[in-house]
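Visitor: Pasting a structure here, questions to come.
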Amino acid sequence: MKSSKTILKVTDGSDMQAYISVPDGQGKFPAIIVLQEAFGVNSYIRNVADRLAKEGYVTIAPELFHRTAPVGFEGSYTDFAALAPHFQGITTEGLTADVKASYDWLQQQANVNHAKIGAVGFCLGGRVSFIANSALPLSASVSYYGGGINALVDKAKDLHAPQLFFWGGLDKHIPQEQIDTVIAAVQKVNKPHSNVVISYADHGFHNDEKPAYNKQAATEAWAMTLAFFKNNLG
């Protein structure tokens, strides 16, 4: 596995740094766009990208706050006030442009199977993974506790690929009513999906750098994620 960083040109004229991790070996690999939490492309997100690269996927993790934050921004897990300007600076249109820039970069890589590209995101990134699936011809998409998807259910009809949802049953940030809204919307338009609520897990249960980390939930969800990608990306 090898990692690097690159600068992507986004259609709105902005520049966006992205973290890249690629498998060892030759040939064409399926690829996955890894989408950050509110804290930037930090060591946790880079580790997710590296773990997927070791499983045989080319990964790219774009810095979604690039319009408002300095290159390489990593927010504190305890200083939410400092994150507010960056949260307020994102738009669905901008995020759509960001995932398209990431997808286009993957399409230009000789070591990528261009027909087998997926996305996975956590928290904010879980929402962006849903957006990516609606905007891009993905082959698989995974959303871990994606806050705000309930406000984007009009995009359910545009989903291109099977969508896997993970939620924490103890998550007070995303009440059950919001989950119900999302799943009802996907069911209404008959899009393939899997919906997993882990009753004993909280918001952020997959992030092993935070107190909410739940090893059992994270291990189970990750195994399902890898199986889902293997089935859909090959």
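Every chain in the structure tokens takes a letter, A first, then B, and so on in the order presented; its residues are numbered from 1, and the ligands are numbered from 1 following the presented order.
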Determine which residues of chain A receive a DSSP assignment of alpha helix (DSSP H), computed from the backbone, and state them as a ChimeraX atom specification.

Guide: /A:43-54,84-88,92-107,124-135,176-188,215-233

Visitor: Would you put the residues from that selection into a file with C-alpha atoms, as a PDB file, in the first residue's frame?

Guide:
```pdb
ATOM      1  CA  SER A  43      -5.740  10.270  10.871  1.00  0.00           C
ATOM      2  CA  TYR A  44      -8.987   8.325  11.289  1.00  0.00           C
ATOM      3  CA  ILE A  45     -10.169   8.991   7.729  1.00  0.00           C
ATOM      4  CA  ARG A  46      -6.700   8.345   6.325  1.00  0.00           C
ATOM      5  CA  ASN A  47      -6.660   5.059   8.229  1.00  0.00           C
ATOM      6  CA  VAL A  48     -10.011   4.070   6.697  1.00  0.00           C
ATOM      7  CA  ALA A  49      -8.599   4.827   3.241  1.00  0.00           C
ATOM      8  CA  ASP A  50      -5.472   2.790   3.999  1.00  0.00           C
ATOM      9  CA  ARG A  51      -7.492  -0.152   5.329  1.00  0.00           C
ATOM     10  CA  LEU A  52      -9.526  -0.232   2.139  1.00  0.00           C
ATOM     11  CA  ALA A  53      -6.372   0.019   0.008  1.00  0.00           C
ATOM     12  CA  LYS A  54      -5.012  -3.036   1.815  1.00  0.00           C
ATOM     13  CA  ALA A  84     -19.044  25.927  12.538  1.00  0.00           C
ATOM     14  CA  PRO A  85     -17.701  28.172   9.746  1.00  0.00           C
ATOM     15  CA  HIS A  86     -16.781  25.126   7.712  1.00  0.00           C
ATOM     16  CA  PHE A  87     -20.098  23.390   8.273  1.00  0.00           C
ATOM     17  CA  GLN A  88     -21.874  26.590   7.272  1.00  0.00           C
ATOM     18  CA  THR A  92     -25.206  20.320  -1.614  1.00  0.00           C
ATOM     19  CA  GLU A  93     -24.078  21.843  -4.912  1.00  0.00           C
ATOM     20  CA  GLY A  94     -20.515  22.221  -3.673  1.00  0.00           C
ATOM     21  CA  LEU A  95     -20.395  18.716  -2.232  1.00  0.00           C
ATOM     22  CA  THR A  96     -21.730  17.344  -5.514  1.00  0.00           C
ATOM     23  CA  ALA A  97     -18.926  19.133  -7.365  1.00  0.00           C
ATOM     24  CA  ASP A  98     -16.390  17.740  -4.875  1.00  0.00           C
ATOM     25  CA  VAL A  99     -17.418  14.110  -5.315  1.00  0.00           C
ATOM     26  CA  LYS A 100     -17.530  14.587  -9.084  1.00  0.00           C
ATOM     27  CA  ALA A 101     -13.965  15.908  -9.031  1.00  0.00           C
ATOM     28  CA  SER A 102     -12.918  12.846  -7.014  1.00  0.00           C
ATOM     29  CA  TYR A 103     -14.753  10.506  -9.385  1.00  0.00           C
ATOM     30  CA  ASP A 104     -13.223  12.212 -12.432  1.00  0.00           C
ATOM     31  CA  TRP A 105      -9.738  11.812 -10.940  1.00  0.00           C
ATOM     32  CA  LEU A 106     -10.349   8.093 -10.472  1.00  0.00           C
ATOM     33  CA  GLN A 107     -11.553   7.856 -14.068  1.00  0.00           C
ATOM     34  CA  LEU A 124     -21.173  14.376   7.381  1.00  0.00           C
ATOM     35  CA  GLY A 125     -19.561  11.989   4.915  1.00  0.00           C
ATOM     36  CA  GLY A 126     -22.496   9.613   5.267  1.00  0.00           C
ATOM     37  CA  ARG A 127     -24.691  12.354   3.866  1.00  0.00           C
ATOM     38  CA  VAL A 128     -22.162  13.057   1.116  1.00  0.00           C
ATOM     39  CA  SER A 129     -21.995   9.370   0.185  1.00  0.00           C
ATOM     40  CA  PHE A 130     -25.763   9.480  -0.394  1.00  0.00           C
ATOM     41  CA  ILE A 131     -25.316  12.620  -2.516  1.00  0.00           C
ATOM     42  CA  ALA A 132     -22.538  10.913  -4.475  1.00  0.00           C
ATOM     43  CA  ASN A 133     -24.743   7.906  -5.201  1.00  0.00           C
ATOM     44  CA  SER A 134     -27.439  10.208  -6.566  1.00  0.00           C
ATOM     45  CA  ALA A 135     -25.030  12.245  -8.699  1.00  0.00           C
ATOM     46  CA  GLN A 176     -35.539   7.249  14.614  1.00  0.00           C
ATOM     47  CA  GLU A 177     -38.019   9.491  12.789  1.00  0.00           C
ATOM     48  CA  GLN A 178     -35.232  10.712  10.504  1.00  0.00           C
ATOM     49  CA  ILE A 179     -34.118   7.167   9.770  1.00  0.00           C
ATOM     50  CA  ASP A 180     -37.719   6.221   8.997  1.00  0.00           C
ATOM     51  CA  THR A 181     -37.995   9.168   6.593  1.00  0.00           C
ATOM     52  CA  VAL A 182     -34.871   8.099   4.710  1.00  0.00           C
ATOM     53  CA  ILE A 183     -35.788   4.439   4.416  1.00  0.00           C
ATOM     54  CA  ALA A 184     -39.389   5.172   3.443  1.00  0.00           C
ATOM     55  CA  ALA A 185     -38.136   7.422   0.633  1.00  0.00           C
ATOM     56  CA  VAL A 186     -35.765   4.766  -0.713  1.00  0.00           C
ATOM     57  CA  GLN A 187     -38.451   2.097  -0.481  1.00  0.00           C
ATOM     58  CA  LYS A 188     -40.992   4.294  -2.263  1.00  0.00           C
ATOM     59  CA  LYS A 215     -15.353  -2.065  19.034  1.00  0.00           C
ATOM     60  CA  GLN A 216     -18.035  -4.725  18.577  1.00  0.00           C
ATOM     61  CA  ALA A 217     -20.285  -2.487  16.504  1.00  0.00           C
ATOM     62  CA  ALA A 218     -17.370  -1.182  14.456  1.00  0.00           C
ATOM     63  CA  THR A 219     -16.077  -4.693  13.770  1.00  0.00           C
ATOM     64  CA  GLU A 220     -19.488  -5.984  12.691  1.00  0.00           C
ATOM     65  CA  ALA A 221     -20.254  -2.953  10.527  1.00  0.00           C
ATOM     66  CA  TRP A 222     -16.838  -3.076   8.877  1.00  0.00           C
ATOM     67  CA  ALA A 223     -17.247  -6.756   8.024  1.00  0.00           C
ATOM     68  CA  MET A 224     -20.608  -5.965   6.414  1.00  0.00           C
ATOM     69  CA  THR A 225     -19.059  -3.019   4.579  1.00  0.00           C
ATOM     70  CA  LEU A 226     -16.282  -5.158   3.120  1.00  0.00           C
ATOM     71  CA  ALA A 227     -18.760  -7.861   2.068  1.00  0.00           C
ATOM     72  CA  PHE A 228     -20.999  -5.220   0.474  1.00  0.00           C
ATOM     73  CA  PHE A 229     -18.118  -3.753  -1.496  1.00  0.00           C
ATOM     74  CA  LYS A 230     -16.865  -7.188  -2.534  1.00  0.00           C
ATOM     75  CA  ASN A 231     -20.323  -8.116  -3.817  1.00  0.00           C
ATOM     76  CA  ASN A 232     -20.829  -4.881  -5.737  1.00  0.00           C
ATOM     77  CA  LEU A 233     -17.316  -3.855  -6.770  1.00  0.00           C
TER      78      LEU A 233
END
```

Visitor: I'd like the neighbourhood of Tyr77 of chain A as a list of chain:residue names, where a residue qualifies if any of its atoms comes within 8 Å (using only C-alpha atoms), though same-chain residues fewer than 2 positions away should be ignored.

Guide: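 Returned residues: A:Phe39, A:Gly75, A:Asp79, A:Phe80, A:Lys210.
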
Visitor: Atoms to include: N, CA and C atoms. Write the selected residues as an mmCIF file, in the first residue's frame.

Guide:
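The resulting file, selection06.cif, is reproduced below:
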```
data_model
loop_
_atom_site.group_PDB
_atom_site.id
_atom_site.type_symbol
_atom_site.label_atom_id
_atom_site.label_comp_id
_atom_site.auth_asym_id
_atom_site.auth_seq_id
_atom_site.Cartn_x
_atom_site.Cartn_y
_atom_site.Cartn_z
ATOM 1 N N PHE A 39 -14.506 16.555 10.962
ATOM 2 C CA PHE A 39 -13.202 16.904 11.520
ATOM 3 C C PHE A 39 -12.085 16.899 10.478
ATOM 4 N N GLY A 75 -9.911 19.251 12.343
ATOM 5 C CA GLY A 75 -10.583 19.879 13.469
ATOM 6 C C GLY A 75 -10.471 19.058 14.740
ATOM 7 N N ASP A 79 -13.702 20.802 20.007
ATOM 8 C CA ASP A 79 -13.960 22.219 19.745
ATOM 9 C C ASP A 79 -14.917 22.360 18.566
ATOM 10 N N PHE A 80 -16.190 22.134 18.840
ATOM 11 C CA PHE A 80 -17.185 22.167 17.765
ATOM 12 C C PHE A 80 -17.399 23.579 17.231
ATOM 13 N N LYS A 210 -12.427 8.304 19.055
ATOM 14 C CA LYS A 210 -13.410 9.057 19.843
ATOM 15 C C LYS A 210 -13.994 8.191 20.958
#
```

Visitor: With only C-alpha atoms as the atoms that count, which of A:Lys157, A:His173, A:Lys191, A:Lys2 lies nearest to His203 of chain A?

Guide: A:His173

Visitor: Applying 7 Å and only C-alpha atoms, which residues near Pro162 of chain A remain after dropping the ones on its own chain fewer than 6 positions away? List them as a compact mmCIF listing (two decimals) with C-alpha atoms, in the first residue's frame.

Guide:
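In the end it all went to result-v6.txt:
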```
# COMPACT_ATOMS: atom_id res chain seq x y z
CA ALA A 140 -21.97 0.79 -4.32
CA SER A 141 -22.42 3.38 -1.58
CA PRO A 192 -31.86 -1.46 -3.61
CA HIS A 193 -30.66 -0.82 -0.08
```

Visitor: Taking the backbone alone, and naming residues the way the document does, which bits of segment 78-217 of chain A are strand (DSSP E) by DSSP, as a list in words?

Guide: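 In segment 78-217 of chain A, DSSP puts these residues in strand (DSSP E): Val112, Asn113, His114, Ala115, Lys116, Ile117, Gly118, Ala119, Val120, Gly121, Phe122, Ala140, Ser141, Val142, Ser143, Tyr144, Gln163, Leu164, Phe165, Phe166, Trp167, Gly168, His193, Ser194, Asn195, Val196, Val197 and Ile198 of chain A.
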
Visitor: Which is closest to His206 of chain A among A:Glu63, A:Asp154, A:Glu37, A:Asp15, if we use only C-alpha atoms?

Guide: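 Smallest distance to His206 of chain A is found for A:Glu37.
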
Visitor: What gap, in Å, lies between atom CA of Tyr57 of chain A and atom CA of Ile33 of chain A?

Guide: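 Atom CA of Ile33 of chain A lies 9.8 Å from atom CA of Tyr57 of chain A.
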
Visitor: With only C-alpha atoms as the atoms that count, which of A:Trp167, A:Tyr213, A:Tyr145, A:Tyr19 lies nearest to Pro62 of chain A?

Guide: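 Selected residue with least distance to Pro62 of chain A: A:Tyr19.
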